[in-house]
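Take a look at the structure below.
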Amino acid sequence: MRIDVLTLFPEMFEGVFGSSILGKARDRGKVSLATVNFRDFATNKHNTVDDTPYGGGGGMVLKPDPIFAAVEAVVESARQAASPEAKPPRVILMCPQGEPLSQAKARELAQEEHLVFICGHYEGYDERIREFLITDELSIGDYVLTGGELPAMVVIDAVVRLLPGVLGNDRSALHDSFSDGLLEYPHYTRPPEFRGWKVPDVLLSGNHAEIDRWRRRQSLLRTAKRRPELLERAELSDKERDWLEQAKNRPDLER
Ligand code: 21W
C-alpha cells in the first residue's frame, strides 16, 4: 500500500512513521509512507494556502488550487511508479464533519492500493475540494482537535496494522476488541496472587472449555455494562442471552 499525507506540518509525522509497527511495516516494504507539504504547491508570491471567506465572517479558508495541485502531483507520481492502469487512490479529507472512523472503515481502506490524506487546521476547506477532489471525509470522533494530522495518524495506524504480514502472530488482528463486535475479556498473568488479589480460579484450572466459556461470558457482561449499543449488532446464542438477562441489575456479576 502507498500512503501520501498532504499537510502543512510534515514534521509531525516523522516519529510516528518511523517507530514501532509502522516503522517496521515500512522497512519490510508492506507500506510506503510519505508526506507532501502543500505549501510547496502554492502559486502566489507569499506561498499562501488560505484566504478570507467569500461572504465575510471570521476564519480562513484553505484555497483549492494548492490542494488540487498537490493531489494531482501525487497521483501522477503513483502512475509513474506503478502502472498507468493503477487504480485511482482514495482521497480522504480529515475534518470534524466527516464520517466517524470505525473498524469497518479501517478494514475497507485496508483493501486499497493507495490512500491520500488531506489535513487542515482551524481553517475551513473551500467547498470545491469536497465536491470535486475527494472520495471520503473522515473524523475520528466528536471532540475538537487543533488539526487533522493526529486524526490522519490514527487512521493510518488502524489501517496499516491490518495489512497482511504487518502484525506478528501473537498480536494478530483477529482477536481485537471490535473484530467480533464485543469488548475483550479480562487478562491476567503471574503471580497468581498479588497483594492479596487473586487470579480467577477458572484460569488456573487447565479446563479449556471452561476457560473459553468464562471468557465469552466476561466479554458479554463487560460489553453490556460499558458499551450496550455494541450488543445490538452481536450474534448471540440463547445461552448467551440468558447470561445477560441474569446479569441485569447485578453489576457485581462482572468479574
Ligand atoms: C477544528 C478544524 C475546528 C476545523 C470555517 C473557517 C480532522 C478533527 C479534525 C479543526 C474547525 C477530526 C472554520 C475529530 C477533529 C480537524 C481541527 C472549525 C472553523 N470554519 N476528528 N473556520 N476532531 N480538527 N472550523 O478536530 O481538522 S478529523
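Chain labels A, B, ... are given in the sequence in which chains occur in the C-alpha cells; within each chain residues are numbered consecutively from 1, and ligands are likewise numbered from 1 in the order shown.
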List as a PDB file with N, CA, C and O atoms, in the first residue's frame the protein and nucleic acid residues lying within 10 Å of ligand 1, with only C-alpha atoms and all ligand atoms counted.
```pdb
ATOM      1  N   ASP A  51      -7.223  31.851   2.571  1.00  0.00           N
ATOM      2  CA  ASP A  51      -7.691  33.196   2.239  1.00  0.00           C
ATOM      3  C   ASP A  51      -8.985  33.438   3.015  1.00  0.00           C
ATOM      4  O   ASP A  51      -9.560  32.502   3.580  1.00  0.00           O
ATOM      5  N   THR A  52      -9.436  34.717   3.015  1.00  0.00           N
ATOM      6  CA  THR A  52     -10.662  35.045   3.760  1.00  0.00           C
ATOM      7  C   THR A  52     -11.887  34.512   3.012  1.00  0.00           C
ATOM      8  O   THR A  52     -11.863  34.391   1.790  1.00  0.00           O
ATOM      9  N   PRO A  53     -12.939  34.168   3.738  1.00  0.00           N
ATOM     10  CA  PRO A  53     -14.108  33.562   3.082  1.00  0.00           C
ATOM     11  C   PRO A  53     -14.937  34.574   2.290  1.00  0.00           C
ATOM     12  O   PRO A  53     -15.158  35.698   2.765  1.00  0.00           O
ATOM     13  N   GLY A  57     -17.448  37.110   7.396  1.00  0.00           N
ATOM     14  CA  GLY A  57     -17.393  36.240   8.579  1.00  0.00           C
ATOM     15  C   GLY A  57     -15.951  35.957   8.917  1.00  0.00           C
ATOM     16  O   GLY A  57     -15.054  36.274   8.146  1.00  0.00           O
ATOM     17  N   GLY A  58     -15.741  35.376  10.077  1.00  0.00           N
ATOM     18  CA  GLY A  58     -14.361  35.176  10.542  1.00  0.00           C
ATOM     19  C   GLY A  58     -13.713  33.959   9.927  1.00  0.00           C
ATOM     20  O   GLY A  58     -14.276  33.306   9.060  1.00  0.00           O
ATOM     21  N   GLY A  59     -12.503  33.710  10.372  1.00  0.00           N
ATOM     22  CA  GLY A  59     -11.786  32.489   9.991  1.00  0.00           C
ATOM     23  C   GLY A  59     -11.187  32.572   8.608  1.00  0.00           C
ATOM     24  O   GLY A  59     -11.437  33.516   7.861  1.00  0.00           O
ATOM     25  N   MET A  60     -10.379  31.581   8.290  1.00  0.00           N
ATOM     26  CA  MET A  60      -9.739  31.489   6.987  1.00  0.00           C
ATOM     27  C   MET A  60     -10.192  30.192   6.320  1.00  0.00           C
ATOM     28  O   MET A  60     -10.637  29.268   6.987  1.00  0.00           O
ATOM     29  N   VAL A  61     -10.061  30.186   4.994  1.00  0.00           N
ATOM     30  CA  VAL A  61     -10.495  29.015   4.226  1.00  0.00           C
ATOM     31  C   VAL A  61      -9.317  28.542   3.376  1.00  0.00           C
ATOM     32  O   VAL A  61      -8.643  29.350   2.728  1.00  0.00           O
ATOM     33  N   LEU A  62      -9.053  27.241   3.378  1.00  0.00           N
ATOM     34  CA  LEU A  62      -7.969  26.686   2.542  1.00  0.00           C
ATOM     35  C   LEU A  62      -8.363  26.793   1.079  1.00  0.00           C
ATOM     36  O   LEU A  62      -9.450  26.359   0.673  1.00  0.00           O
ATOM     37  N   LEU A  93     -10.384  13.381   3.082  1.00  0.00           N
ATOM     38  CA  LEU A  93     -10.313  14.677   3.753  1.00  0.00           C
ATOM     39  C   LEU A  93     -10.565  14.474   5.237  1.00  0.00           C
ATOM     40  O   LEU A  93     -11.609  13.933   5.634  1.00  0.00           O
ATOM     41  N   MET A  94      -9.593  14.882   6.067  1.00  0.00           N
ATOM     42  CA  MET A  94      -9.766  14.772   7.515  1.00  0.00           C
ATOM     43  C   MET A  94     -10.486  16.022   8.002  1.00  0.00           C
ATOM     44  O   MET A  94      -9.968  17.134   7.850  1.00  0.00           O
ATOM     45  N   CYS A  95     -11.698  15.861   8.552  1.00  0.00           N
ATOM     46  CA  CYS A  95     -12.438  17.026   9.040  1.00  0.00           C
ATOM     47  C   CYS A  95     -13.439  16.617  10.107  1.00  0.00           C
ATOM     48  O   CYS A  95     -13.902  15.482  10.117  1.00  0.00           O
ATOM     49  N   PRO A  96     -13.764  17.555  11.015  1.00  0.00           N
ATOM     50  CA  PRO A  96     -14.668  17.215  12.122  1.00  0.00           C
ATOM     51  C   PRO A  96     -16.068  16.793  11.645  1.00  0.00           C
ATOM     52  O   PRO A  96     -16.760  16.078  12.366  1.00  0.00           O
ATOM     53  N   GLN A  97     -16.482  17.200  10.449  1.00  0.00           N
ATOM     54  CA  GLN A  97     -17.824  16.839   9.959  1.00  0.00           C
ATOM     55  C   GLN A  97     -17.845  15.514   9.215  1.00  0.00           C
ATOM     56  O   GLN A  97     -18.885  15.102   8.695  1.00  0.00           O
ATOM     57  N   GLY A  98     -16.689  14.826   9.148  1.00  0.00           N
ATOM     58  CA  GLY A  98     -16.606  13.588   8.371  1.00  0.00           C
ATOM     59  C   GLY A  98     -17.304  12.417   9.029  1.00  0.00           C
ATOM     60  O   GLY A  98     -17.799  12.509  10.157  1.00  0.00           O
ATOM     61  N   GLU A  99     -17.323  11.300   8.282  1.00  0.00           N
ATOM     62  CA  GLU A  99     -17.857  10.035   8.805  1.00  0.00           C
ATOM     63  C   GLU A  99     -16.967   9.578   9.958  1.00  0.00           C
ATOM     64  O   GLU A  99     -15.742   9.583   9.832  1.00  0.00           O
ATOM     65  N   PRO A 100     -17.537   9.192  11.093  1.00  0.00           N
ATOM     66  CA  PRO A 100     -16.678   8.756  12.198  1.00  0.00           C
ATOM     67  C   PRO A 100     -15.932   7.474  11.845  1.00  0.00           C
ATOM     68  O   PRO A 100     -16.515   6.544  11.285  1.00  0.00           O
ATOM     69  N   LEU A 101     -14.637   7.419  12.157  1.00  0.00           N
ATOM     70  CA  LEU A 101     -13.830   6.224  11.889  1.00  0.00           C
ATOM     71  C   LEU A 101     -14.401   5.034  12.647  1.00  0.00           C
ATOM     72  O   LEU A 101     -14.827   5.164  13.784  1.00  0.00           O
ATOM     73  N   ILE A 118      -5.705  14.354   3.385  1.00  0.00           N
ATOM     74  CA  ILE A 118      -5.563  15.812   3.388  1.00  0.00           C
ATOM     75  C   ILE A 118      -5.872  16.319   4.793  1.00  0.00           C
ATOM     76  O   ILE A 118      -6.947  16.041   5.337  1.00  0.00           O
ATOM     77  N   CYS A 119      -4.893  17.031   5.385  1.00  0.00           N
ATOM     78  CA  CYS A 119      -5.049  17.536   6.746  1.00  0.00           C
ATOM     79  C   CYS A 119      -5.064  19.054   6.744  1.00  0.00           C
ATOM     80  O   CYS A 119      -4.177  19.677   6.146  1.00  0.00           O
ATOM     81  N   GLY A 120      -6.037  19.637   7.436  1.00  0.00           N
ATOM     82  CA  GLY A 120      -6.075  21.078   7.603  1.00  0.00           C
ATOM     83  C   GLY A 120      -5.995  21.423   9.074  1.00  0.00           C
ATOM     84  O   GLY A 120      -5.926  20.546   9.927  1.00  0.00           O
ATOM     85  N   HIS A 121      -6.011  22.735   9.360  1.00  0.00           N
ATOM     86  CA  HIS A 121      -6.049  23.171  10.748  1.00  0.00           C
ATOM     87  C   HIS A 121      -7.360  23.873  11.008  1.00  0.00           C
ATOM     88  O   HIS A 121      -8.383  23.419  10.542  1.00  0.00           O
ATOM     89  N   TYR A 122      -7.351  24.960  11.753  1.00  0.00           N
ATOM     90  CA  TYR A 122      -8.620  25.546  12.144  1.00  0.00           C
ATOM     91  C   TYR A 122      -9.418  26.084  10.952  1.00  0.00           C
ATOM     92  O   TYR A 122     -10.620  26.269  11.030  1.00  0.00           O
ATOM     93  N   GLU A 123      -8.726  26.261   9.832  1.00  0.00           N
ATOM     94  CA  GLU A 123      -9.404  26.785   8.647  1.00  0.00           C
ATOM     95  C   GLU A 123     -10.495  25.832   8.162  1.00  0.00           C
ATOM     96  O   GLU A 123     -10.456  24.644   8.410  1.00  0.00           O
ATOM     97  N   GLY A 124     -11.446  26.383   7.423  1.00  0.00           N
ATOM     98  CA  GLY A 124     -12.355  25.525   6.665  1.00  0.00           C
ATOM     99  C   GLY A 124     -11.693  25.169   5.335  1.00  0.00           C
ATOM    100  O   GLY A 124     -10.608  25.657   5.011  1.00  0.00           O
ATOM    101  N   TYR A 125     -12.328  24.268   4.564  1.00  0.00           N
ATOM    102  CA  TYR A 125     -11.833  23.929   3.223  1.00  0.00           C
ATOM    103  C   TYR A 125     -12.746  24.575   2.195  1.00  0.00           C
ATOM    104  O   TYR A 125     -13.975  24.542   2.361  1.00  0.00           O
ATOM    105  N   ASP A 126     -12.218  25.123   1.133  1.00  0.00           N
ATOM    106  CA  ASP A 126     -13.052  25.574   0.016  1.00  0.00           C
ATOM    107  C   ASP A 126     -13.914  24.387  -0.422  1.00  0.00           C
ATOM    108  O   ASP A 126     -13.406  23.282  -0.632  1.00  0.00           O
ATOM    109  N   GLU A 137     -14.696  11.613   3.528  1.00  0.00           N
ATOM    110  CA  GLU A 137     -14.440  12.580   4.601  1.00  0.00           C
ATOM    111  C   GLU A 137     -14.479  11.818   5.898  1.00  0.00           C
ATOM    112  O   GLU A 137     -15.455  11.144   6.196  1.00  0.00           O
ATOM    113  N   LEU A 138     -13.408  11.927   6.685  1.00  0.00           N
ATOM    114  CA  LEU A 138     -13.311  11.144   7.921  1.00  0.00           C
ATOM    115  C   LEU A 138     -13.046  12.033   9.125  1.00  0.00           C
ATOM    116  O   LEU A 138     -12.244  12.964   9.069  1.00  0.00           O
ATOM    117  N   SER A 139     -13.706  11.679  10.231  1.00  0.00           N
ATOM    118  CA  SER A 139     -13.456  12.257  11.548  1.00  0.00           C
ATOM    119  C   SER A 139     -13.010  11.100  12.434  1.00  0.00           C
ATOM    120  O   SER A 139     -13.223   9.940  12.086  1.00  0.00           O
ATOM    121  N   ILE A 140     -12.364  11.376  13.580  1.00  0.00           N
ATOM    122  CA  ILE A 140     -12.084  10.262  14.491  1.00  0.00           C
ATOM    123  C   ILE A 140     -12.955  10.330  15.737  1.00  0.00           C
ATOM    124  O   ILE A 140     -12.786   9.524  16.648  1.00  0.00           O
ATOM    125  N   GLY A 141     -13.911  11.258  15.776  1.00  0.00           N
ATOM    126  CA  GLY A 141     -14.818  11.287  16.929  1.00  0.00           C
ATOM    127  C   GLY A 141     -15.245  12.696  17.265  1.00  0.00           C
ATOM    128  O   GLY A 141     -14.714  13.668  16.722  1.00  0.00           O
ATOM    129  N   ASP A 142     -16.190  12.790  18.173  1.00  0.00           N
ATOM    130  CA  ASP A 142     -16.827  14.065  18.472  1.00  0.00           C
ATOM    131  C   ASP A 142     -16.104  14.839  19.566  1.00  0.00           C
ATOM    132  O   ASP A 142     -16.585  14.950  20.694  1.00  0.00           O
ATOM    133  N   TYR A 143     -14.914  15.315  19.248  1.00  0.00           N
ATOM    134  CA  TYR A 143     -14.159  16.214  20.115  1.00  0.00           C
ATOM    135  C   TYR A 143     -13.315  17.071  19.193  1.00  0.00           C
ATOM    136  O   TYR A 143     -13.035  16.690  18.066  1.00  0.00           O
ATOM    137  N   VAL A 144     -12.933  18.252  19.695  1.00  0.00           N
ATOM    138  CA  VAL A 144     -12.269  19.211  18.815  1.00  0.00           C
ATOM    139  C   VAL A 144     -10.767  19.182  19.036  1.00  0.00           C
ATOM    140  O   VAL A 144     -10.286  19.370  20.152  1.00  0.00           O
ATOM    141  N   LEU A 145     -10.019  18.955  17.968  1.00  0.00           N
ATOM    142  CA  LEU A 145      -8.559  18.960  17.993  1.00  0.00           C
ATOM    143  C   LEU A 145      -8.065  20.213  17.285  1.00  0.00           C
ATOM    144  O   LEU A 145      -8.865  21.028  16.811  1.00  0.00           O
ATOM    145  N   THR A 146      -6.741  20.386  17.207  1.00  0.00           N
ATOM    146  CA  THR A 146      -6.211  21.586  16.557  1.00  0.00           C
ATOM    147  C   THR A 146      -5.981  21.375  15.071  1.00  0.00           C
ATOM    148  O   THR A 146      -5.728  22.327  14.343  1.00  0.00           O
ATOM    149  N   GLY A 147      -6.038  20.131  14.609  1.00  0.00           N
ATOM    150  CA  GLY A 147      -5.804  19.891  13.186  1.00  0.00           C
ATOM    151  C   GLY A 147      -6.096  18.456  12.811  1.00  0.00           C
ATOM    152  O   GLY A 147      -6.409  17.626  13.668  1.00  0.00           O
ATOM    153  N   GLY A 148      -5.971  18.159  11.526  1.00  0.00           N
ATOM    154  CA  GLY A 148      -6.274  16.822  11.026  1.00  0.00           C
ATOM    155  C   GLY A 148      -5.089  15.862  11.060  1.00  0.00           C
ATOM    156  O   GLY A 148      -5.239  14.700  10.673  1.00  0.00           O
ATOM    157  N   GLU A 149      -3.911  16.316  11.531  1.00  0.00           N
ATOM    158  CA  GLU A 149      -2.718  15.457  11.482  1.00  0.00           C
ATOM    159  C   GLU A 149      -2.832  14.271  12.431  1.00  0.00           C
ATOM    160  O   GLU A 149      -2.604  13.121  12.019  1.00  0.00           O
ATOM    161  N   LEU A 150      -3.142  14.541  13.710  1.00  0.00           N
ATOM    162  CA  LEU A 150      -3.283  13.412  14.643  1.00  0.00           C
ATOM    163  C   LEU A 150      -4.375  12.449  14.177  1.00  0.00           C
ATOM    164  O   LEU A 150      -4.154  11.237  14.169  1.00  0.00           O
ATOM    165  N   PRO A 151      -5.549  12.950  13.750  1.00  0.00           N
ATOM    166  CA  PRO A 151      -6.550  12.024  13.201  1.00  0.00           C
ATOM    167  C   PRO A 151      -6.032  11.200  12.019  1.00  0.00           C
ATOM    168  O   PRO A 151      -6.299   9.994  11.940  1.00  0.00           O
ATOM    169  N   ALA A 152      -5.270  11.799  11.104  1.00  0.00           N
ATOM    170  CA  ALA A 152      -4.742  11.032   9.965  1.00  0.00           C
ATOM    171  C   ALA A 152      -3.808   9.927  10.464  1.00  0.00           C
ATOM    172  O   ALA A 152      -3.850   8.797   9.974  1.00  0.00           O
ATOM    173  N   VAL A 154      -3.996   8.412  13.297  1.00  0.00           N
ATOM    174  CA  VAL A 154      -4.861   7.384  13.901  1.00  0.00           C
ATOM    175  C   VAL A 154      -5.418   6.471  12.808  1.00  0.00           C
ATOM    176  O   VAL A 154      -5.369   5.241  12.918  1.00  0.00           O
ATOM    177  N   VAL A 155      -5.912   7.053  11.729  1.00  0.00           N
ATOM    178  CA  VAL A 155      -6.494   6.252  10.639  1.00  0.00           C
ATOM    179  C   VAL A 155      -5.403   5.372  10.012  1.00  0.00           C
ATOM    180  O   VAL A 155      -5.599   4.172   9.777  1.00  0.00           O
TER     181      VAL A 155
END
```
Polymer residues at most 12 Å from A:Glu108, only C-alpha atoms, same-chain spacing of 4 or more positions, as a list of chain:residue names = A:Arg90, A:Leu101, A:Ser102, A:Gln103, A:Ala104, A:Glu112, A:Glu113, A:Leu115, A:Asp136, A:Val155, A:Ala158, A:Val159, A:Val160, A:Leu162, A:Leu163
Could you pull the residues within 8 Å of stretch 36-40 of chain A, counting only C-alpha atoms, minus those fewer than 3 positions along the same chain, as a PDB file with C-alpha atoms, in the first residue's frame?
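Dumped to part.pdb:
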```
ATOM      1  CA  ASP A   4       0.621  10.071   0.997  1.00  0.00           C
ATOM      2  CA  VAL A   5      -0.297  12.748   3.524  1.00  0.00           C
ATOM      3  CA  LEU A   6      -0.846  16.359   2.466  1.00  0.00           C
ATOM      4  CA  THR A   7      -0.074  18.629   5.411  1.00  0.00           C
ATOM      5  CA  LEU A   8       1.468  21.963   6.342  1.00  0.00           C
ATOM      6  CA  PHE A   9       3.242  20.176   9.254  1.00  0.00           C
ATOM      7  CA  PRO A  10       5.102  17.177   7.765  1.00  0.00           C
ATOM      8  CA  ASN A  47       3.075  30.886  -0.786  1.00  0.00           C
ATOM      9  CA  THR A  48      -0.276  31.425   0.910  1.00  0.00           C
ATOM     10  CA  VAL A  49      -2.581  28.434   1.089  1.00  0.00           C
ATOM     11  CA  PRO A  66      -2.581  24.188  -3.846  1.00  0.00           C
ATOM     12  CA  ILE A  67      -4.522  21.151  -2.638  1.00  0.00           C
ATOM     13  CA  ALA A  70      -0.619  18.506  -4.655  1.00  0.00           C
TER      14      ALA A  70
END
```
ask   = In Å, with one decimal, what is the gap from atom CA of A:Leu220 to atom CA of A:Glu235?
value =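 That distance, rounded to one decimal, is 11.0 Å.
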